[in-house]
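Trainee: Below you'll find protein.cif; it's mmCIF, C-alpha atoms.
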data_entry
#
loop_
_atom_site.label_atom_id
_atom_site.label_comp_id
_atom_site.auth_asym_id
_atom_site.auth_seq_id
_atom_site.Cartn_x
_atom_site.Cartn_y
_atom_site.Cartn_z
CA MET A 1 126.80 109.10 88.54
CA LEU A 2 125.08 106.93 91.13
CA HIS A 3 124.70 103.16 91.17
CA GLU A 4 121.81 101.80 93.25
CA GLY A 5 122.16 98.57 95.19
CA GLY A 6 120.32 97.42 98.30
CA GLY A 7 119.56 100.51 100.34
CA ARG A 8 122.57 102.59 99.28
CA LEU A 9 123.60 104.74 96.35
CA VAL A 10 127.23 104.45 95.24
CA ASP A 11 128.95 107.42 93.65
CA PHE A 12 131.15 106.71 90.63
CA SER A 13 132.40 108.15 87.35
CA ASN A 14 133.22 106.33 84.12
CA GLN A 15 136.78 106.78 82.87
CA SER A 16 139.27 105.15 80.54
CA ILE A 17 142.07 103.86 82.78
CA ALA A 18 145.52 102.76 81.62
CA VAL A 19 146.06 99.10 82.51
CA ASP A 20 149.45 99.85 84.08
CA LYS A 21 147.65 102.02 86.67
CA LEU A 22 145.41 99.16 87.83
CA ARG A 23 146.20 97.25 91.01
CA LEU A 24 144.69 93.81 91.60
CA ASP A 25 142.59 93.33 94.71
CA LEU A 26 144.29 91.01 97.21
CA GLU A 27 141.18 91.29 99.42
CA ASN A 28 138.86 89.92 96.74
CA PRO A 29 136.14 87.66 98.22
CA ARG A 30 137.19 84.85 95.88
CA LEU A 31 140.34 84.54 98.00
CA TYR A 32 138.68 84.14 101.41
CA ALA A 33 138.90 80.33 101.36
CA MET A 34 142.59 80.52 100.45
CA ARG A 35 143.13 82.95 103.31
CA LEU A 36 141.42 80.59 105.74
CA ALA A 37 143.65 77.77 104.50
CA GLY A 38 146.68 79.92 105.27
CA HIS A 39 148.03 80.41 101.75
CA PRO A 40 146.43 83.49 100.17
CA PRO A 41 148.28 85.39 97.44
CA GLN A 42 150.57 87.96 99.02
CA THR A 43 151.46 89.88 95.85
CA GLU A 44 149.83 90.75 92.56
CA GLU A 45 152.16 88.30 90.83
CA GLU A 46 150.97 85.47 93.08
CA LEU A 47 147.36 86.47 92.48
CA GLU A 48 147.91 86.44 88.72
CA ARG A 49 149.27 82.90 88.99
CA ALA A 50 146.23 81.87 91.05
CA ILE A 51 143.92 83.36 88.41
CA THR A 52 145.64 81.87 85.39
CA THR A 53 146.41 78.32 86.57
CA ASN A 54 144.00 75.46 87.18
CA ASP A 55 143.32 73.99 90.62
CA SER A 56 146.00 71.33 90.22
CA GLY A 57 148.58 73.93 89.18
CA SER A 58 149.46 71.84 86.15
CA GLY A 59 148.25 74.16 83.42
CA THR A 60 146.13 77.14 82.38
CA ASP A 61 142.69 77.47 83.93
CA GLU A 62 140.03 76.67 81.35
CA ALA A 63 137.82 79.61 82.32
CA PHE A 64 140.80 81.95 82.05
CA ARG A 65 141.69 80.53 78.65
CA SER A 66 138.15 81.20 77.40
CA LEU A 67 138.18 84.73 78.78
CA HIS A 68 141.61 85.36 77.21
CA LYS A 69 140.26 84.28 73.83
CA ALA A 70 137.20 86.53 74.11
CA VAL A 71 139.12 89.63 75.27
CA LYS A 72 141.79 89.10 72.62
CA LYS A 73 139.10 89.24 69.95
CA GLN A 74 136.70 91.84 71.34
CA GLY A 75 138.49 93.63 74.16
CA VAL A 76 136.82 94.20 77.53
CA ARG A 77 133.24 95.01 76.65
CA ASP A 78 131.77 95.77 80.08
CA PRO A 79 133.41 98.35 82.36
CA ILE A 80 135.36 97.01 85.31
CA TRP A 81 134.91 98.65 88.71
CA VAL A 82 137.77 100.31 90.55
CA LYS A 83 138.43 102.57 93.51
CA ASP A 84 140.66 105.61 93.16
CA ASN A 85 143.71 105.11 95.41
CA GLY A 86 144.53 108.82 95.31
CA ASP A 87 148.04 108.23 93.94
CA ASP A 88 147.23 107.87 90.24
CA THR A 89 146.55 104.15 90.70
CA PHE A 90 143.24 102.33 90.98
CA LEU A 91 142.24 99.27 93.01
CA VAL A 92 140.25 96.75 91.00
CA ILE A 93 137.00 96.07 92.86
CA GLU A 94 135.47 93.90 90.15
CA GLY A 95 137.52 92.78 87.16
CA ASN A 96 140.68 91.08 88.50
CA ARG A 97 140.43 88.37 85.85
CA ARG A 98 139.84 90.76 82.95
CA THR A 99 142.71 92.96 84.13
CA THR A 100 144.96 89.90 84.27
CA VAL A 101 143.98 88.98 80.72
CA LEU A 102 144.84 92.48 79.49
CA ARG A 103 148.22 92.32 81.25
CA ALA A 104 148.87 88.94 79.63
CA LEU A 105 148.01 90.24 76.15
CA LEU A 106 150.31 93.23 76.62
CA ASN A 107 153.12 90.98 77.82
CA GLU A 108 152.59 88.72 74.81
CA GLY A 109 152.91 91.71 72.46
CA VAL A 110 149.62 90.86 70.78
CA ALA A 111 148.37 93.48 68.32
CA PRO A 112 144.70 94.25 69.04
CA PRO A 113 142.12 94.19 66.23
CA PRO A 114 140.74 97.50 64.92
CA GLY A 115 138.75 99.41 67.52
CA VAL A 116 140.11 97.35 70.43
CA ARG A 117 142.62 98.42 73.08
CA TYR A 118 144.56 96.26 75.51
CA ASP A 119 146.48 99.11 77.17
CA ALA A 120 143.41 100.88 78.57
CA VAL A 121 140.01 99.80 79.82
CA SER A 122 136.68 101.44 80.54
CA ALA A 123 136.19 101.60 84.31
CA ASN A 124 133.54 102.79 86.73
CA VAL A 125 135.60 104.64 89.33
CA MET A 126 134.54 104.96 92.96
CA PRO A 127 136.07 108.05 94.59
CA GLU A 128 139.03 107.95 96.94
CA ASN A 129 136.85 108.80 99.96
CA SER A 130 134.57 105.76 99.51
CA ASN A 131 134.27 104.00 102.86
CA GLU A 132 135.21 100.37 103.46
CA VAL A 133 131.65 99.13 103.87
CA ASP A 134 130.48 100.67 100.59
CA VAL A 135 133.45 99.19 98.72
CA LYS A 136 132.85 95.70 100.12
CA LEU A 137 129.12 95.91 99.49
CA GLN A 138 129.72 96.98 95.92
CA LYS A 139 131.86 93.89 95.37
CA VAL A 140 128.90 91.78 96.48
CA ARG A 141 126.39 93.63 94.29
CA LEU A 142 128.61 93.33 91.26
CA GLN A 143 129.01 89.59 91.80
CA SER A 144 125.46 88.97 90.60
CA GLY A 145 125.62 87.05 87.31
CA LYS A 146 129.41 86.70 87.44
CA ARG A 147 131.57 83.62 88.04
CA ALA A 148 130.56 82.09 91.38
CA TRP A 149 132.72 82.79 94.44
CA GLY A 150 131.79 79.47 96.00
CA PRO A 151 129.82 78.76 99.21
CA VAL A 152 132.79 79.16 101.57
CA ASN A 153 133.68 82.56 100.15
CA ASP A 154 130.03 83.68 100.15
CA SER A 155 129.68 82.74 103.82
CA ALA A 156 133.01 84.39 104.66
CA VAL A 157 131.68 87.64 103.21
CA ILE A 158 128.53 87.39 105.34
CA HIS A 159 130.64 86.60 108.42
CA GLU A 160 132.85 89.62 107.78
CA PHE A 161 129.89 91.96 107.30
CA HIS A 162 128.23 90.81 110.53
CA ASN A 163 131.16 90.20 112.88
CA GLN A 164 133.78 92.69 111.67
CA LEU A 165 131.76 95.49 110.09
CA ASP A 166 128.85 95.27 112.57
CA MET A 167 126.12 95.01 109.95
CA ALA A 168 122.72 93.81 111.12
CA ILE A 169 121.44 90.52 109.70
CA GLU A 170 118.49 92.22 108.04
CA ASP A 171 120.80 94.73 106.33
CA ILE A 172 123.05 91.95 105.04
CA ALA A 173 119.99 90.13 103.69
CA THR A 174 118.83 93.28 101.91
CA GLU A 175 122.20 94.06 100.38
CA MET A 176 122.90 90.48 99.26
CA GLN A 177 119.29 89.90 98.19
CA ILE A 178 118.92 86.74 100.24
CA SER A 179 116.65 85.82 103.16
CA GLN A 180 117.52 86.55 106.77
CA THR A 181 117.20 82.82 107.39
CA LYS A 182 119.93 82.15 104.83
CA VAL A 183 122.17 84.78 106.43
CA LYS A 184 121.76 83.16 109.86
CA LYS A 185 122.40 79.70 108.43
CA SER A 186 125.54 80.91 106.64
CA LEU A 187 126.88 82.44 109.87
CA ARG A 188 126.35 79.17 111.79
CA THR A 189 127.76 76.98 109.04
CA TYR A 190 130.83 79.14 108.50
CA SER A 191 131.63 79.18 112.24
CA MET A 192 131.47 75.37 112.35
CA TYR A 193 133.61 75.08 109.23
CA VAL A 194 136.25 77.48 110.60
CA ASP A 195 136.38 75.51 113.87
CA TYR A 196 136.83 72.31 111.86
CA VAL A 197 139.67 73.81 109.78
CA LYS A 198 141.46 75.10 112.86
CA THR A 199 141.10 71.79 114.69
CA THR A 200 142.03 69.42 111.86
CA GLY A 201 144.10 71.55 109.49
CA ASP A 202 141.89 70.25 106.67
CA SER A 203 140.90 73.28 104.55
CA ASN A 204 139.29 71.35 101.70
CA THR A 205 136.31 73.57 100.79
CA LYS A 206 134.26 70.47 99.89
CA ARG A 207 134.03 69.77 103.63
CA TYR A 208 131.86 72.86 103.97
CA THR A 209 128.84 70.95 102.65
CA PHE A 210 129.03 68.59 105.64
CA PHE A 211 128.17 71.46 107.95
CA ASN A 212 125.78 73.16 105.56
#
Rewrite the structure from the file as structure tokens, please.

Mentor:
Amino acid sequence: MLHEGGGRLVDFSNQSIAVDKLRLDLENPRLYAMRLAGHPPQTEEELERAITTNDSGSGTDEAFRSLHKAVKKQGVRDPIWVKDNGDDTFLVIEGNRRTTVLRALLNEGVAPPPGVRYDAVSANVMPENSNEVDVKLQKVRLQSGKRAWGPVNDSAVIHEFHNQLDMAIEDIATEMQISQTKVKKSLRTYSMYVDYVKTTGDSNTKRYTFFN
């Protein structure tokens, strides 16, 4: 099957994937701000903790608790997106939080209701030979309507596309469905914010609005 987004068509197939074959994405755009601050999750276990705990680290994240309740009752209703790693495992492109919920339910030994499975999930699978740009772009496309990444992470994605993957500003605007003016502004603002973080050591993402 093909999924259309921006100017590209993405090849994928829908499969039922065992949860124990899923690998969380340590390069998820939600983690860009943490990476800039110098303390990104280094392992899947650390990423799970970041997903499940609130910002203060004092308890369970409220959004995760709500998702846990919904998946426990109904399972994962919408397919997650993954990339075939070629070794019988699959990298989660979109669905880190839902995968973490399923792992938690399995660890808790919760019996699913009739017609629901926790040990397997419907997934749209991108093939092993998918290139890096298509995988990263698909993450952006799939973000539409999902939990917000936050302005720092959004700008970090734009910065990566333009400065590391050599994408033209007009192509980024098309793929992310934003104006070229907004792309240019994000690039300028992110550069100023990064300089500020490096100079002061202050990685509080709320400072980003000063430069924006």

Trainee: I want to know what sits within 8 Å of segment 97-105 of chain A, based on all atoms listed in the file, with residues of the same chain fewer than 2 positions away left out; could you give that as a PyMOL selection string?

Mentor: chain A and resi 19+22+24+48+51+64+67-68+71-72+76+95+107-110+118-119

Trainee: Which residues are near Glu62 of chain A? Cut-off 9 Å, all atoms listed in the file, ignore same chain within fewer than 4 positions. Put them as a PyMOL selection string.

Mentor: chain A and resi 52-54+66-67

Trainee: Applying the PyMOL selection byres ((chain A and resi 44) around 9) to the file I just gave you, which residues come out? Please list them as a list in words.

Mentor: Arg23, Leu24, Asp25, Leu26, Pro41, Gln42, Thr43, Glu45, Glu46, Leu47, Glu48 and Arg49 of chain A

Trainee: Expand the PyMOL selection byres ((chain A and resi 36-38) around 12) into the explicit residue set it covers here, and present it as a PyMOL selection string.

Mentor: chain A and resi 29-35+39-42+152-153+156+190-191+193-198+200-205

Trainee: Which residues match the PyMOL selection byres ((chain A and resi 172) around 12) in the file above, as an MDAnalysis selection string?

Mentor: chainID A and resid 5:7 133 136:137 140:141 154:155 157:163 165:171 173:184 186:187

Trainee: For a test of reading the model, state the distance in Å between atom CA of Thr89 of chain A and atom CA of Lys21 of chain A, rounded to one decimal.

Mentor: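 Going from atom CA of Thr89 of chain A over to atom CA of Lys21 of chain A, I get 4.7 Å.
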
Trainee: Taking into account all atoms listed in the file, which residue in the set A:Val10, A:Pro127, A:Ser16, A:Glu27 is nearest to Gly86 of chain A?

Mentor: A:Pro127

Trainee: Between A:Leu142, A:Gly115, A:Phe12, A:Thr189, which one has atoms that come closest to Arg77 of chain A, using only C-alpha atoms?

Mentor: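 Closest to Arg77 of chain A of all the choices is A:Gly115.
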
Trainee: Using only C-alpha atoms, which residue out of A:Ala63, A:Ala70, A:Met192, A:Ile17 lies closest to Pro112 of chain A?

Mentor: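 Of A:Ala63, A:Ala70, A:Met192, A:Ile17, the one nearest Pro112 of chain A is A:Ala70, counting only C-alpha atoms.
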
Trainee: Rounded to one decimal, what separation in Å do you get between atom CA of Lys185 of chain A and atom CA of Glu132 of chain A?

Mentor: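 Straight-line distance from atom CA of Lys185 of chain A to atom CA of Glu132 of chain A works out to 24.8 Å.
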
Trainee: So how many Å separate atom CA of Val125 of chain A and atom CA of Asp11 of chain A, to one decimal?

Mentor: 8.4 Å
